[in-house]
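Novice: Pasting in a structure now, in structure tokens, and then I'll have a few things to ask.
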Amino acid sequence: MPSTAFDHVTLGQRVLFGSGAAAANVRTAVEELGGARVLLVAGASARATADELAAAVPVVHRITDVVRHVPAARAARAVEDARSTGADLVLTVGGGSATGLGKAVALATGLPIVAVPTTFAGSEATDVWGSTSDGVKTTGSDSRVLPKAVVYDATLTLGLPVQLAVASGLNAVAHAVDGFWAPRADPINRALGTEGLRALVPGLRALAADPGGIEGRERTLYGAYLAAVAFASAGSGLHHKICHVLGGAFDLPHAELHAVVLPYVAAFNAPAAPAAVARITDVLGGGPAGAALLGLKAELGGPPSLAAIGLREQDLSRAVALILPAVPPTNPRPVDAASLGSILRSAWAGDDLDEE
Ligand code: NAD
């Protein structure tokens with residue numbers, strides 16, 4: 001007899017979305033949270049926006065040296081800054097690295113976060129924190145790091161070079177797709193991921209065709225949020241486990257790494273995940289799933305291979321050994337060293353996909 005049963009958690013946060021409205025919306029969010037001493041975290045690429053926002057809310061300290069993958073020592077200094085300045089709220093402006101540094105502060109201090117993303121990484125919609133020490137990335141979930149409010153303004157992504165914007169958007173596509181077979185996948189997060197793809201794919205096509213236009217960026221940003229909510233709920237599937245280990249161990253650029261690996265994981269899982277394949281190919285206008293995702297990446301001008309973004313061939317066997325223990329037991333297809341090695345080698349070389 002057909003039946004539906006699931007155990008789903010929806011994380012609560014306020015989302016304010018509006019192009020050109022960042023300063024007004026940040027003021028609204030900070031006031032609602034009672035922020036009177038704001039710690040502003042914004043790297044160099046967000047300097048102009050940070051200046052504008054600093055005029056709208058009471059900032060007591062500003063952190064400008066944001067480093068990717070949240071090195072533990074950098075995080076410890078930020079926590080000390082928050083404590084020594086008596087900050088009562090953290091305002092992050094930037095990509096996942098800035099959000100991640102703010103999360104490290106929230107984890108240690110319990111301060112609320114208002115996040116203003118300038119990429120499509122989606123960290124702002126999750127309760128996942130990450131930190132890197134000696135080449136090993138540690139992550140965890142904690143309700144304290146989920147931003148209380150997110151302020152989306154597509155004009156803030158205009159400074160992203162188009163190649164980085166595309167890679168970041170494909171990172172969001174990976175949140176949606178990997179969520180279809182992740183450990184806590186359920187009908188609600190699959191619906192969010194599917195709707196995320198429906199916004200991301202046309203949004204990214206419009207962004208690549210007209211990088212100065214706002215409409216494509218708005219659709220991409222909206223889709224990135226939905227996909228990140230889906231990911232936050234569904235958890236990390238095989239794709240995220242692979243990228244998590246590779247990013248930490250070999251210091252590879254996050255968005256580009258996700259953009260390259262996804263089609264090969266999708267091609268591998270496809271024979272055992274027909275419902276997920278249908279969701280992917282429906283949006284992409286045809287299959288097979290891995291080849292369609294590879295085609296989307298090529299059409300958008302995404303990065304061609306792991307080799308091109310800095311992984312050395314001699315590191316492939318160590319990568320397999322590091323990733324294998326992290327493979328989710330719930331993956332729709334069993335993964336062993338040989339199959340993982342073949343996924344990685346194909347992604348490293350940027351092979352074409354020849355699926356059934
Ligand atoms: P990033 O924040 O490192 O940004 C990439 C580069 O783009 C940086 O040099 C940055 O300065 C620049 N940049 C950002 N916004 C810009 C803009 N609007 N204009 C010009 N330049 C801009 O990278 P990312 O891909 O946004 O985030 C990656 C990080 O986020 C990783 O550490 C990853 O682990 C983390 N992340 C975490 C989660 C989570 O749920 N915790 C989810 C996704 C990503």
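Going by the structure tokens order, chains are called A, B, ..., each with residues numbered from 1, while ligands are numbered from 1 in the order shown.
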Skipping near chain neighbours, those fewer than 3 positions away, what residues fall within 6 Å of range 161-167 of chain A using only C-alpha atoms, listed as number ranges by chain?
Specialist: A: 170, 255-256, 259, 302
Novice: Can you tell me which residues come within 8 Å of ligand 1 when counting only C-alpha atoms and all ligand atoms, ideally as a PyMOL selection string?
Specialist: chain A and resi 43-46+66-70+94-100+117-130+139+156-161+164+168+171+228+232+244+247+253-255
Novice: Would you mind listing what lies within 12 Å of Leu204 in chain A as JSON, numbers by chain, with only C-alpha atoms counted and same-chain residues fewer than 5 positions away left out?
Specialist: {"A": [120, 162, 163, 164, 165, 166, 167, 168, 169, 170, 171, 172, 173, 196, 197, 198, 199, 209, 210, 211, 213, 214, 215, 216, 217, 218, 219, 220, 221, 222, 223, 224, 284, 296, 297, 299, 300, 301, 302]}
Novice: Just checking: using only C-alpha atoms, which residue out of A:Arg144, A:Arg77, A:Arg205, A:Arg279 ends up closest to Val177 in chain A?
Specialist: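 For Val177 in chain A, the nearest of the given residues is A:Arg279.
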Novice: Any idea what's packed within 12 Å of Leu322 in chain A, counting only C-alpha atoms, ignoring anything in its chain fewer than 5 positions away? Could you give it as a ChimeraX atom specification?
Specialist: /A:136-137,241-250,315-317,327,337,340-341
Novice: Counting only C-alpha atoms, what is within 10 Å of range 15-29 of chain A, bar same-chain residues fewer than 4 positions away, as an MDAnalysis selection string?
Specialist: chainID A and resid 33:35 49:50 52:58 91 113:116 125 147:156 214:215 217:218 221:222 225
Novice: Just the selected residues (N, CA and C atoms), exported as a short mmCIF file (atom, residue, chain, number, x, y, z; two decimals), in the first residue's frame, please.
Specialist:
```cif
data_model
loop_
_atom_site.label_atom_id
_atom_site.label_comp_id
_atom_site.auth_asym_id
_atom_site.auth_seq_id
_atom_site.Cartn_x
_atom_site.Cartn_y
_atom_site.Cartn_z
N LEU A 33 16.45 42.76 15.99
CA LEU A 33 17.22 41.89 16.89
C LEU A 33 17.82 42.67 18.06
N GLY A 34 17.58 43.98 18.08
CA GLY A 34 18.07 44.80 19.19
C GLY A 34 19.57 45.04 19.13
N GLY A 35 20.16 44.95 17.94
CA GLY A 35 21.62 45.14 17.81
C GLY A 35 22.02 46.58 18.04
N THR A 49 30.24 48.07 -0.05
CA THR A 49 28.95 47.72 0.56
C THR A 49 29.03 47.86 2.07
N ALA A 50 30.15 47.40 2.63
CA ALA A 50 30.32 47.47 4.08
C ALA A 50 30.29 48.92 4.56
N GLU A 52 28.65 51.33 3.20
CA GLU A 52 27.26 51.78 3.13
C GLU A 52 26.45 51.23 4.32
N LEU A 53 26.67 49.97 4.62
CA LEU A 53 25.91 49.35 5.71
C LEU A 53 26.35 49.91 7.07
N ALA A 54 27.65 50.22 7.18
CA ALA A 54 28.16 50.75 8.45
C ALA A 54 27.53 52.11 8.77
N ALA A 55 27.05 52.79 7.72
CA ALA A 55 26.38 54.07 7.97
C ALA A 55 24.94 53.86 8.43
N ALA A 56 24.43 52.64 8.24
CA ALA A 56 23.02 52.38 8.56
C ALA A 56 22.81 51.75 9.93
N VAL A 57 23.88 51.14 10.50
CA VAL A 57 23.74 50.45 11.79
C VAL A 57 24.93 50.79 12.70
N PRO A 58 24.78 50.63 14.03
CA PRO A 58 25.86 51.03 14.96
C PRO A 58 27.00 50.01 15.04
N LEU A 91 27.32 41.18 11.89
CA LEU A 91 26.80 41.45 10.54
C LEU A 91 27.86 41.00 9.55
N ILE A 113 23.43 36.49 14.14
CA ILE A 113 24.04 36.93 12.87
C ILE A 113 22.97 37.50 11.94
N VAL A 114 23.30 38.61 11.31
CA VAL A 114 22.56 39.08 10.14
C VAL A 114 23.53 38.92 8.97
N ALA A 115 23.13 38.12 7.98
CA ALA A 115 24.04 37.81 6.86
C ALA A 115 23.60 38.51 5.58
N VAL A 116 24.59 39.10 4.90
CA VAL A 116 24.33 39.75 3.61
C VAL A 116 25.24 39.07 2.59
N ALA A 125 21.98 30.20 4.76
CA ALA A 125 20.71 29.50 5.01
C ALA A 125 20.90 28.22 5.81
N PRO A 147 22.10 32.17 10.73
CA PRO A 147 21.77 33.60 10.80
C PRO A 147 20.30 33.82 11.13
N LYS A 148 20.05 34.80 12.02
CA LYS A 148 18.67 35.10 12.39
C LYS A 148 17.95 35.78 11.23
N ALA A 149 18.71 36.53 10.45
CA ALA A 149 18.11 37.21 9.28
C ALA A 149 19.11 37.18 8.13
N VAL A 150 18.57 37.08 6.92
CA VAL A 150 19.40 37.14 5.70
C VAL A 150 18.86 38.27 4.84
N VAL A 151 19.78 39.09 4.35
CA VAL A 151 19.39 40.20 3.48
C VAL A 151 19.99 39.94 2.10
N TYR A 152 19.11 39.66 1.14
CA TYR A 152 19.57 39.40 -0.23
C TYR A 152 19.35 40.64 -1.09
N ASP A 153 20.42 41.03 -1.79
CA ASP A 153 20.35 42.17 -2.71
C ASP A 153 21.20 41.79 -3.92
N ALA A 154 20.56 41.49 -5.04
CA ALA A 154 21.29 40.98 -6.21
C ALA A 154 22.30 41.98 -6.74
N THR A 155 22.12 43.26 -6.49
CA THR A 155 23.10 44.23 -7.01
C THR A 155 24.47 44.02 -6.35
N LEU A 156 24.48 43.40 -5.16
CA LEU A 156 25.76 43.18 -4.47
C LEU A 156 26.60 42.10 -5.15
N ILE A 214 20.33 42.53 -13.92
CA ILE A 214 19.94 42.17 -12.56
C ILE A 214 19.00 40.96 -12.52
N GLU A 215 18.18 40.82 -13.57
CA GLU A 215 17.14 39.79 -13.50
C GLU A 215 17.73 38.38 -13.32
N ARG A 217 20.59 37.59 -12.11
CA ARG A 217 21.22 37.48 -10.77
C ARG A 217 20.16 37.31 -9.69
N GLU A 218 19.03 38.00 -9.84
CA GLU A 218 17.96 37.83 -8.84
C GLU A 218 17.45 36.39 -8.85
N LEU A 221 20.04 34.17 -7.29
CA LEU A 221 20.12 34.35 -5.84
C LEU A 221 18.94 33.68 -5.14
N TYR A 222 17.75 33.85 -5.72
CA TYR A 222 16.56 33.21 -5.16
C TYR A 222 16.71 31.68 -5.20
N TYR A 225 19.13 30.42 -2.63
CA TYR A 225 18.56 30.34 -1.28
C TYR A 225 17.74 29.04 -1.13
#
```
